[in-house]
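Structure first, then comments.
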Amino acid sequence: MKEAPIIVSACLAGMYCRYNGDIQPHETIVELVSQGQAIPFCPEVHGGLSTPRAPCEIREGKVIDSDGIDRTEAFQRGAEQGLRLARLVGSREAVLKARSPSCGSGEVYDGTFTSTRIPGDGFFARLLKENGFTIRTEEDLPE
Ligand code: SF4
């Protein structure tokens with residue numbers, strides 16, 4: 001039987017979905033997508049946010065953008081959409097962008113917009129973990 005694809009952060013696959021409208025392609029991930037072994041997904045765009053958008057960080061369990069607007073609902077919606085997609089394709093694993101407030105796994109920024117890192121998960125990564133997924137970041141992959 002064919003192995004289920006993994007879910008990957010869309011920006012790592014070369015999609016223009018980062019908050020600043022940029023991409024951050026990772027060679028291994030682009031290759032996995034081109035071979036049909038990975039499906040790109042951006043929880044922030046699927047949660048209803050535009051690109052470009054103000055950067056967001058997690059503060060006291062909520063997602064706040066750099067203008068002080070609460071974006072928690074959009075982040076939750078995007079994470080739920082990603083879980084739905086992952087289940088549809090039978091995936092059990094994801095490779096997500098390090099330190100993003102959606103995709104980060106094990107480490108995120110502290111909500112002060114000062115590039116200060118703290119232990120924690122982004123909303124999408126956390127929801128996938130709670131549902132038994134194995135999560136890695138692009139920093140865990142070979143270049
Ligand atoms: Fe990339 Fe995830 Fe941010 Fe979307 S939410 S731009 S996939 S890190």
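Residue names in the structure tokens use chain letters A, B, ... in the order shown, residue numbers from 1 in each chain, and ligand numbers from 1 in the order shown.
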Give me the segment 64-117 of chain A side of the contact with segment 125-141 of chain A, cut-off 7 Å, one line per residue showing its nearest atom pair and distance in Å at one decimal, counting only C-alpha atoms, sorted by chain and residue number, as CSV.
residue,atom,partner,partner_atom,distance
A:Ala79,CA,A:Leu127,CA,6.7
A:Leu83,CA,A:Leu128,CA,6.4
A:Arg92,CA,A:Phe133,CA,4.9
A:Glu93,CA,A:Thr134,CA,4.7
A:Ala94,CA,A:Ile135,CA,5.0
A:Val95,CA,A:Arg136,CA,4.8
A:Leu96,CA,A:Thr137,CA,4.8
A:Lys97,CA,A:Thr137,CA,5.5
A:Ala98,CA,A:Thr137,CA,5.3
A:Ser102,CA,A:Ala125,CA,6.6
A:Cys103,CA,A:Ala125,CA,5.2
A:Gly104,CA,A:Ala125,CA,6.3
A:Ser105,CA,A:Ala125,CA,5.9
(message) DSSP on the backbone: which residues in segment 41-110 of chain A end up as strand (DSSP E)? Give the answer as a list in words.
(response)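 Filtering segment 41-110 of chain A down to strand (DSSP E) leaves Phe41, Cys56, Glu57, Ile58, Arg59, Lys62, Val63, Ile64, Asp65, Glu93, Ala94, Val95, Leu96, Glu107, Val108 and Tyr109 of chain A.
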Print the selection's residues with N, CA and C atoms to a file, as a PDB file, in the first residue's frame.
ATOM      1  N   PHE A  41       0.804  23.082   3.348  1.00  0.00           N
ATOM      2  CA  PHE A  41      -0.375  23.691   3.964  1.00  0.00           C
ATOM      3  C   PHE A  41       0.079  24.895   4.791  1.00  0.00           C
ATOM      4  N   CYS A  56       2.836  37.900  13.973  1.00  0.00           N
ATOM      5  CA  CYS A  56       2.109  37.533  15.196  1.00  0.00           C
ATOM      6  C   CYS A  56       3.043  36.774  16.136  1.00  0.00           C
ATOM      7  N   GLU A  57       2.764  36.876  17.418  1.00  0.00           N
ATOM      8  CA  GLU A  57       3.442  36.041  18.407  1.00  0.00           C
ATOM      9  C   GLU A  57       2.417  35.607  19.455  1.00  0.00           C
ATOM     10  N   ILE A  58       2.762  34.538  20.181  1.00  0.00           N
ATOM     11  CA  ILE A  58       1.860  34.008  21.210  1.00  0.00           C
ATOM     12  C   ILE A  58       2.188  34.675  22.544  1.00  0.00           C
ATOM     13  N   ARG A  59       1.140  35.214  23.169  1.00  0.00           N
ATOM     14  CA  ARG A  59       1.331  35.844  24.481  1.00  0.00           C
ATOM     15  C   ARG A  59       0.191  35.394  25.394  1.00  0.00           C
ATOM     16  N   LYS A  62      -2.707  33.530  23.840  1.00  0.00           N
ATOM     17  CA  LYS A  62      -3.401  34.145  22.711  1.00  0.00           C
ATOM     18  C   LYS A  62      -2.401  34.529  21.632  1.00  0.00           C
ATOM     19  N   VAL A  63      -2.904  34.703  20.407  1.00  0.00           N
ATOM     20  CA  VAL A  63      -2.036  35.158  19.320  1.00  0.00           C
ATOM     21  C   VAL A  63      -2.308  36.639  19.083  1.00  0.00           C
ATOM     22  N   ILE A  64      -1.278  37.439  19.238  1.00  0.00           N
ATOM     23  CA  ILE A  64      -1.420  38.890  19.103  1.00  0.00           C
ATOM     24  C   ILE A  64      -0.502  39.361  17.985  1.00  0.00           C
ATOM     25  N   ASP A  65      -1.026  40.215  17.072  1.00  0.00           N
ATOM     26  CA  ASP A  65      -0.130  40.698  16.024  1.00  0.00           C
ATOM     27  C   ASP A  65       0.601  41.960  16.482  1.00  0.00           C
ATOM     28  N   GLU A  93       2.345  12.550  10.217  1.00  0.00           N
ATOM     29  CA  GLU A  93       3.622  13.205  10.426  1.00  0.00           C
ATOM     30  C   GLU A  93       3.638  14.553   9.715  1.00  0.00           C
ATOM     31  N   ALA A  94       4.382  15.518  10.287  1.00  0.00           N
ATOM     32  CA  ALA A  94       4.502  16.822   9.628  1.00  0.00           C
ATOM     33  C   ALA A  94       5.897  17.390   9.840  1.00  0.00           C
ATOM     34  N   VAL A  95       6.342  18.169   8.857  1.00  0.00           N
ATOM     35  CA  VAL A  95       7.579  18.948   9.000  1.00  0.00           C
ATOM     36  C   VAL A  95       7.177  20.410   8.867  1.00  0.00           C
ATOM     37  N   LEU A  96       7.326  21.145   9.967  1.00  0.00           N
ATOM     38  CA  LEU A  96       6.771  22.499  10.040  1.00  0.00           C
ATOM     39  C   LEU A  96       7.854  23.526  10.335  1.00  0.00           C
ATOM     40  N   GLU A 107       9.743  25.320  20.326  1.00  0.00           N
ATOM     41  CA  GLU A 107      10.303  26.640  20.608  1.00  0.00           C
ATOM     42  C   GLU A 107       9.548  27.690  19.789  1.00  0.00           C
ATOM     43  N   VAL A 108       9.181  28.781  20.432  1.00  0.00           N
ATOM     44  CA  VAL A 108       8.494  29.891  19.753  1.00  0.00           C
ATOM     45  C   VAL A 108       9.047  31.210  20.304  1.00  0.00           C
ATOM     46  N   TYR A 109       8.588  32.321  19.750  1.00  0.00           N
ATOM     47  CA  TYR A 109       8.973  33.626  20.305  1.00  0.00           C
ATOM     48  C   TYR A 109       8.012  33.996  21.442  1.00  0.00           C
TER      49      TYR A 109
END
(request) Please identify which residues in chain A DSSP calls helix (DSSP H, G or I) from the backbone, and express them as a ChimeraX atom specification. (result) /A:10-13,27-34,43-46,72-88,123-130,138-140
Across A:Ala38, A:Val45, A:Leu85, A:Leu32, the smallest distance to ligand 1, with only C-alpha atoms and all ligand atoms counted, is shown by A:Val45
- At what distance in Å, to one decimal, does atom CA of Pro43 of chain A lie from atom CA of Ala13 of chain A?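 Spanning atom CA of Ala13 of chain A to atom CA of Pro43 of chain A is a straight-line distance of 13.9 Å.
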Select the residues contacting ligand 1 at a distance of at most 9 Å, based on only C-alpha atoms and all ligand atoms, then format the selection as an NGL selection string.
:A and (8-13 or 15-24 or 40-46 or 51 or 75 or 78 or 96-104 or 122 or 124)
Taken to one decimal, the atom CA of Thr116 of chain A-atom CA of Ile29 of chain A distance is 26.9 Å
note - atom CA of Ala74 of chain A and atom CA of Leu49 of chain A are separated by 6.9 Å
Problem set entry | Pick from A:Asp110, A:Gly14, A:Asp70, A:Ala54, whichever lies nearest to Glu31 of chain A using only C-alpha atoms |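 Distance minimum relative to Glu31 of chain A lands on A:Gly14.
Each of A:Pro142, A:Gly111, A:Gly36, A:Gly120 was checked against Ser66 of chain A using only C-alpha atoms; the smallest atom-to-atom distance is that of A:Gly111.
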